[in-house]
>>> print(open('input29.txt').read())   # compact mmCIF, C-alpha atoms and all ligand atoms
# COMPACT_ATOMS: atom_id res chain seq x y z
CA MET A 1 135.27 105.54 58.85
CA ALA A 2 136.63 104.43 62.16
CA GLY A 3 138.33 101.04 62.17
CA ILE A 4 138.96 98.68 65.04
CA CYS A 5 142.51 99.98 65.46
CA SER A 6 141.39 103.58 65.88
CA GLU A 7 139.38 102.73 68.96
CA LYS A 8 141.17 104.06 72.02
CA ARG A 9 140.86 102.28 75.30
CA GLN A 10 141.03 104.36 78.40
CA TYR A 11 142.95 103.00 81.33
CA GLU A 12 143.05 104.51 84.75
CA GLU A 13 146.25 104.68 86.72
CA GLY A 14 144.80 102.26 89.27
CA ASP A 15 144.44 99.59 86.58
CA ILE A 16 148.22 99.27 86.35
CA VAL A 17 149.32 95.78 87.35
CA VAL A 18 152.09 96.15 89.92
CA CYS A 19 152.55 92.42 90.55
CA ARG A 20 152.56 90.58 87.25
CA CYS A 21 152.92 87.17 88.86
CA LYS A 22 149.78 87.52 90.98
CA GLU A 23 147.99 90.14 88.84
CA VAL A 24 147.61 92.63 91.68
CA THR A 25 146.70 96.15 90.58
CA LEU A 26 147.79 99.49 91.96
CA LYS A 27 144.15 100.20 92.83
CA GLU A 28 144.04 97.13 95.07
CA ILE A 29 147.31 98.05 96.78
CA ARG A 30 146.10 101.59 97.39
CA LYS A 31 142.79 100.33 98.83
CA TRP A 32 144.57 98.27 101.50
CA ILE A 33 147.13 100.96 102.32
CA SER A 34 144.29 103.47 102.85
CA ARG A 35 142.75 101.00 105.31
CA GLY A 36 145.94 101.04 107.39
CA TYR A 37 147.82 98.04 106.04
CA ASP A 38 151.10 99.78 105.36
CA THR A 39 153.78 97.11 105.43
CA PHE A 40 154.84 94.86 102.58
CA ASP A 41 154.15 91.71 104.60
CA GLU A 42 150.60 92.81 105.40
CA LEU A 43 149.92 93.54 101.74
CA LYS A 44 151.48 90.23 100.82
CA ARG A 45 149.09 88.34 103.11
CA LEU A 46 146.07 90.30 101.92
CA THR A 47 146.69 90.35 98.17
CA GLY A 48 149.36 87.76 97.40
CA VAL A 49 151.67 90.47 96.07
CA GLY A 50 155.26 89.25 96.19
CA MET A 51 154.27 85.59 96.42
CA GLY A 52 154.67 84.69 92.76
CA PRO A 53 157.49 82.76 91.12
CA CYS A 54 159.80 85.81 91.21
CA GLN A 55 159.18 86.18 94.97
CA GLY A 56 158.69 89.93 94.70
CA ARG A 57 161.65 90.79 92.50
CA GLY A 58 159.29 92.40 90.03
CA CYS A 59 156.94 94.20 92.41
CA ARG A 60 158.52 94.75 95.84
CA ASP A 61 160.12 98.10 94.96
CA ILE A 62 156.92 99.41 93.35
CA VAL A 63 154.79 98.45 96.36
CA MET A 64 157.32 99.85 98.84
CA LYS A 65 157.42 103.17 97.00
CA GLU A 66 153.62 103.34 96.94
CA ILE A 67 153.49 102.71 100.70
CA ALA A 68 156.07 105.47 101.21
CA ARG A 69 154.18 107.86 98.95
CA MET A 70 150.81 107.29 100.62
CA THR A 71 152.02 107.22 104.23
CA GLY A 72 154.76 109.84 104.03
CA LYS A 73 157.21 107.40 105.61
CA THR A 74 160.71 106.74 104.32
CA LEU A 75 161.62 103.36 102.85
CA GLU A 76 163.87 102.76 105.86
CA GLU A 77 160.93 103.32 108.23
CA ILE A 78 158.75 100.90 106.31
CA GLY A 79 161.32 98.11 106.16
CA THR A 80 161.70 95.53 103.43
CA GLY A 81 159.47 92.75 104.73
CA THR A 82 160.31 89.08 104.79
CA TYR A 83 162.40 87.61 101.99
CA ARG A 84 162.14 84.00 100.90
CA PRO A 85 164.55 82.24 98.58
CA PRO A 86 163.28 82.16 94.99
CA VAL A 87 161.51 79.01 93.91
CA LYS A 88 163.01 77.54 90.79
CA PRO A 89 161.74 74.44 89.08
CA VAL A 90 164.21 71.58 88.77
CA LYS A 91 163.81 68.90 86.13
CA LEU A 92 163.62 65.41 87.57
CA GLY A 93 166.27 64.34 85.06
CA MET A 94 168.75 66.71 86.72
CA LEU A 95 168.24 64.96 90.04
CA THR A 96 168.87 61.54 88.55
CA GLU A 97 171.93 62.83 86.66
CA ALA A 98 173.29 64.28 89.89
CA ASN A 99 172.84 60.91 91.55
CA LYS A 100 174.90 59.21 88.80
CA GLU A 101 177.78 61.60 89.38
CA ASP A 102 177.84 61.09 93.14
CA PRO A 103 181.54 60.61 94.06
CA TRP A 104 180.58 58.62 97.16
CA LYS A 105 178.35 56.23 95.29
CA GLY A 106 179.44 52.64 95.79
CA LYS A 107 182.10 53.51 98.40
CA VAL A 108 181.96 52.11 101.88
CA VAL A 109 182.05 54.80 104.53
CA SER A 110 183.02 53.67 108.01
CA HIS A 111 182.30 55.63 111.13
S1 LIG A 201 155.87 90.39 90.22
FE1 LIG A 201 155.09 90.18 92.21
S2 LIG A 201 155.71 88.19 92.81
FE2 LIG A 201 156.48 88.40 90.81
>>> encode(input="input29.txt", output="structure tokens")
Amino acid sequence: MAGICSEKRQYEEGDIVVCRCKEVTLKEIRKWISRGYDTFDELKRLTGVGMGPCQGRGCRDIVMKEIARMTGKTLEEIGTGTYRPPVKPVKLGMLTEANKEDPWKGKVVSH
């Protein structure tokens, strides 16, 4: 008797999620590379890869290596694409606390 746990699911290599933040699969990346979009910035604009909260820390290397593999170019030839500073949430309470500790608060500054 086959139980629920014995059921095997078959995944194809293309179903692998390369960008966890934006849920972009390897299949999608390969589709766009095969159409001639072979830079990270182009793939970023088309798929959103690299535009999640980690700003590509989790997926940039994977995508760059896939571009290199499919095009036969070196990583140096492809380039790294545009980097943006990571977005990090800041609690509003931190901003108000920082304002309380302002060393210039209450002092008169003359010019
Ligand atoms: S894993 Fe791609 S942006 Fe975070």
>>> residues_around(input="input29.txt", residues="segment 87-97 of chain A", least_positions_apart="6", cutoff="9 Å", atoms="only C-alpha atoms", output="PDB file with C-alpha atoms, in the coordinates of the input")
ATOM      1  CA  GLY A  52     154.670  84.690  92.760  1.00  0.00           C
ATOM      2  CA  PRO A  53     157.490  82.760  91.120  1.00  0.00           C
ATOM      3  CA  CYS A  54     159.800  85.810  91.210  1.00  0.00           C
ATOM      4  CA  GLN A  55     159.180  86.180  94.970  1.00  0.00           C
TER       5      GLN A  55
END
>>> atom_distance(input="input29.txt", atom1="atom CA of Val63 of chain A", atom2="atom CA of Gly81 of chain A")
11.2 Å
>>> closest_residue(input="input29.txt", among="A:Gln10, A:Ile16, A:Arg30, A:Cys21", to="Ile67 of chain A", atoms="all atoms listed in the file")
A:Arg30
>>> axis_aligned_box(input="input29.txt", around="ligand LIG 201 (chain A)", padding_each_side="3 Å", output="lines of an AutoDock Vina configuration file")
center_x = 155.8
center_y = 89.3
center_z = 91.5
size_x = 7.4
size_y = 8.2
size_z = 8.6
>>> residues_near_ligand(input="input29.txt", ligand="ligand LIG 201 (chain A)", cutoff="12 Å", atoms="only C-alpha atoms and all ligand atoms", output="PyMOL selection string")
chain A and resi 17-26+29+40+43-44+47-64+83-84+86-87
>>> closest_residue(input="input29.txt", among="A:Arg45, A:Ala68, A:Glu13, A:Thr74", to="Lys27 of chain A", atoms="only C-alpha atoms")
A:Glu13
>>> atom_distance(input="input29.txt", atom1="atom CA of Glu28 of chain A", atom2="atom CA of Met70 of chain A")
13.4 Å
>>> atom_distance(input="input29.txt", atom1="atom CA of Gly36 of chain A", atom2="atom CA of Tyr11 of chain A")
26.3 Å
